[in-house]
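Have a look at the structure below, then the notes.
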Amino acid sequence: MITGAKMNTFSLYTNDFHAWTQEQVNVLKNQQWDRLDTVNLIEELETLGRKERPELRNRLALLLGHLLKWQFQTENRSSSWLSTIREQRMQIKLLLHGNLIFENHILSSANHPNFG
């Protein structure tokens with residue numbers, strides 16, 4: 001059975017995600033374990049890395065494609081390519097900054113038997 005407090009938390013989760021996250025932070029800081037929205041919190045934590053991994057993969061592929069074009073199609077170089085290279089590098093740095101999930105993933109990928 002869902003209590004009034006749990007129903008309010010669920011409603012907050014579905015209607016105002018930012019407010020829900022702030023409430024969950026306060027609940028954790030105050031160690032009010034019975035008020036913790038464990039179901040939704042677990043779901044959010046599980047999907048956190050999964051959301052960013054495809055973005056990183058796509059940005060790396062786009063960067064690599066433009067770097068290869070820049071290197072081997074010198075006659076077609078454009079400011080658009082250069083802009084894309086710079087933008088992807090910046091966005092990749094932002095994604096990687098302080099994200100140990102990606103750091104560990106990159107290290108384990110580099111050690112994969114099919115790599116290099």
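Identifiers in the structure tokens: chain A, B, ... in order shown; residue index from 1 per chain; ligand index from 1 in order shown.
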Exercise. Would you mind listing what lies within 9 Å of Thr84 in chain A as an MDAnalysis selection string, with only C-alpha atoms counted and same-chain residues fewer than 3 positions away left out?
Key: chainID A and resid 62:63 66 79:81 87:89
Using only C-alpha atoms, determine which residues lie at most 10 Å from range 8-23 of chain A, disregarding the query and same-chain residues fewer than 6 positions distant; provide the list as a compact mmCIF listing (two decimals) with all heavy atoms, in the first residue's frame.
# COMPACT_ATOMS: atom_id res chain seq x y z
N ILE A 2 0.52 2.22 -0.79
CA ILE A 2 1.28 3.47 -0.89
C ILE A 2 0.72 4.46 0.12
O ILE A 2 -0.47 4.75 0.14
CB ILE A 2 1.19 4.07 -2.31
CG1 ILE A 2 1.77 3.08 -3.32
CG2 ILE A 2 1.91 5.40 -2.37
CD1 ILE A 2 1.65 3.55 -4.75
N LYS A 29 20.38 13.47 2.92
CA LYS A 29 21.19 14.24 3.87
C LYS A 29 20.70 14.09 5.30
O LYS A 29 21.50 14.03 6.24
CB LYS A 29 21.20 15.72 3.49
CG LYS A 29 22.07 16.05 2.31
CD LYS A 29 22.04 17.54 2.02
CE LYS A 29 22.95 17.89 0.85
NZ LYS A 29 22.90 19.32 0.52
N ARG A 35 11.46 7.81 3.97
CA ARG A 35 10.89 8.76 3.02
C ARG A 35 11.56 8.68 1.65
O ARG A 35 11.15 9.34 0.71
CB ARG A 35 11.01 10.19 3.56
CG ARG A 35 10.14 10.44 4.77
CD ARG A 35 10.07 11.89 5.15
NE ARG A 35 9.65 12.71 4.02
CZ ARG A 35 10.19 13.90 3.73
NH1 ARG A 35 11.15 14.39 4.46
NH2 ARG A 35 9.76 14.58 2.69
N LEU A 36 12.58 7.85 1.53
CA LEU A 36 13.32 7.73 0.28
C LEU A 36 12.48 7.04 -0.79
O LEU A 36 11.88 6.01 -0.54
CB LEU A 36 14.61 6.94 0.54
CG LEU A 36 15.72 7.02 -0.49
CD1 LEU A 36 16.19 8.46 -0.64
CD2 LEU A 36 16.87 6.15 -0.05
N ASP A 37 12.44 7.62 -1.96
CA ASP A 37 11.71 7.04 -3.10
C ASP A 37 12.65 6.05 -3.80
O ASP A 37 13.22 6.32 -4.86
CB ASP A 37 11.28 8.16 -4.05
CG ASP A 37 10.46 7.66 -5.22
OD1 ASP A 37 10.18 6.45 -5.30
OD2 ASP A 37 10.10 8.49 -6.07
N VAL A 39 12.30 3.17 -5.42
CA VAL A 39 11.99 2.61 -6.74
C VAL A 39 12.46 3.56 -7.84
O VAL A 39 13.20 3.16 -8.75
CB VAL A 39 10.47 2.33 -6.87
CG1 VAL A 39 10.12 1.94 -8.30
CG2 VAL A 39 10.04 1.26 -5.90
N ASN A 40 12.07 4.81 -7.75
CA ASN A 40 12.45 5.77 -8.79
C ASN A 40 13.92 6.15 -8.70
O ASN A 40 14.56 6.38 -9.72
CB ASN A 40 11.57 7.01 -8.71
CG ASN A 40 10.15 6.71 -9.16
OD1 ASN A 40 9.94 6.02 -10.13
ND2 ASN A 40 9.19 7.23 -8.42
N LEU A 41 14.45 6.19 -7.49
CA LEU A 41 15.87 6.52 -7.32
C LEU A 41 16.75 5.44 -7.95
O LEU A 41 17.72 5.75 -8.65
CB LEU A 41 16.20 6.69 -5.84
CG LEU A 41 17.55 7.26 -5.49
CD1 LEU A 41 17.77 8.61 -6.15
CD2 LEU A 41 17.70 7.40 -3.98
What's around Arg57 in chain A at 12 Å? Count only C-alpha atoms, leave out sequence neighbours fewer than 6 positions away in its own chain, and write the answer as a short mmCIF file (atom, residue, chain, number, x, y, z; two decimals) with N, CA and C atoms, in the first residue's frame.
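Written file, out04.cif:
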data_model
loop_
_atom_site.label_atom_id
_atom_site.label_comp_id
_atom_site.auth_asym_id
_atom_site.auth_seq_id
_atom_site.Cartn_x
_atom_site.Cartn_y
_atom_site.Cartn_z
N ARG A 50 23.80 4.84 -18.73
CA ARG A 50 23.32 4.37 -20.03
C ARG A 50 22.92 5.53 -20.94
N LYS A 51 22.45 6.62 -20.35
CA LYS A 51 22.06 7.77 -21.16
C LYS A 51 23.27 8.45 -21.78
N LEU A 63 33.53 12.89 -34.27
CA LEU A 63 34.86 13.48 -34.22
C LEU A 63 35.84 12.70 -35.09
N LEU A 64 35.84 11.39 -34.94
CA LEU A 64 36.76 10.56 -35.71
C LEU A 64 36.51 10.71 -37.21
N GLN A 88 32.94 18.94 -31.00
CA GLN A 88 32.92 17.57 -30.49
C GLN A 88 33.99 17.37 -29.42
N GLN A 91 32.62 18.98 -26.23
CA GLN A 91 31.53 18.22 -25.63
C GLN A 91 32.02 16.90 -25.04
N ILE A 92 32.99 16.27 -25.68
CA ILE A 92 33.57 15.02 -25.16
C ILE A 92 34.29 15.29 -23.85
N LEU A 95 31.74 15.62 -21.15
CA LEU A 95 31.18 14.33 -20.77
C LEU A 95 32.16 13.52 -19.91
N LEU A 96 33.43 13.60 -20.24
CA LEU A 96 34.43 12.80 -19.54
C LEU A 96 34.86 13.40 -18.21
N PHE A 102 33.00 6.43 -17.47
CA PHE A 102 33.59 6.47 -18.80
C PHE A 102 35.07 6.13 -18.75
N HIS A 105 35.34 2.50 -18.49
CA HIS A 105 34.88 1.88 -19.73
C HIS A 105 35.94 2.00 -20.82
N ILE A 106 36.54 3.17 -20.92
CA ILE A 106 37.59 3.38 -21.93
C ILE A 106 38.79 2.49 -21.65
#
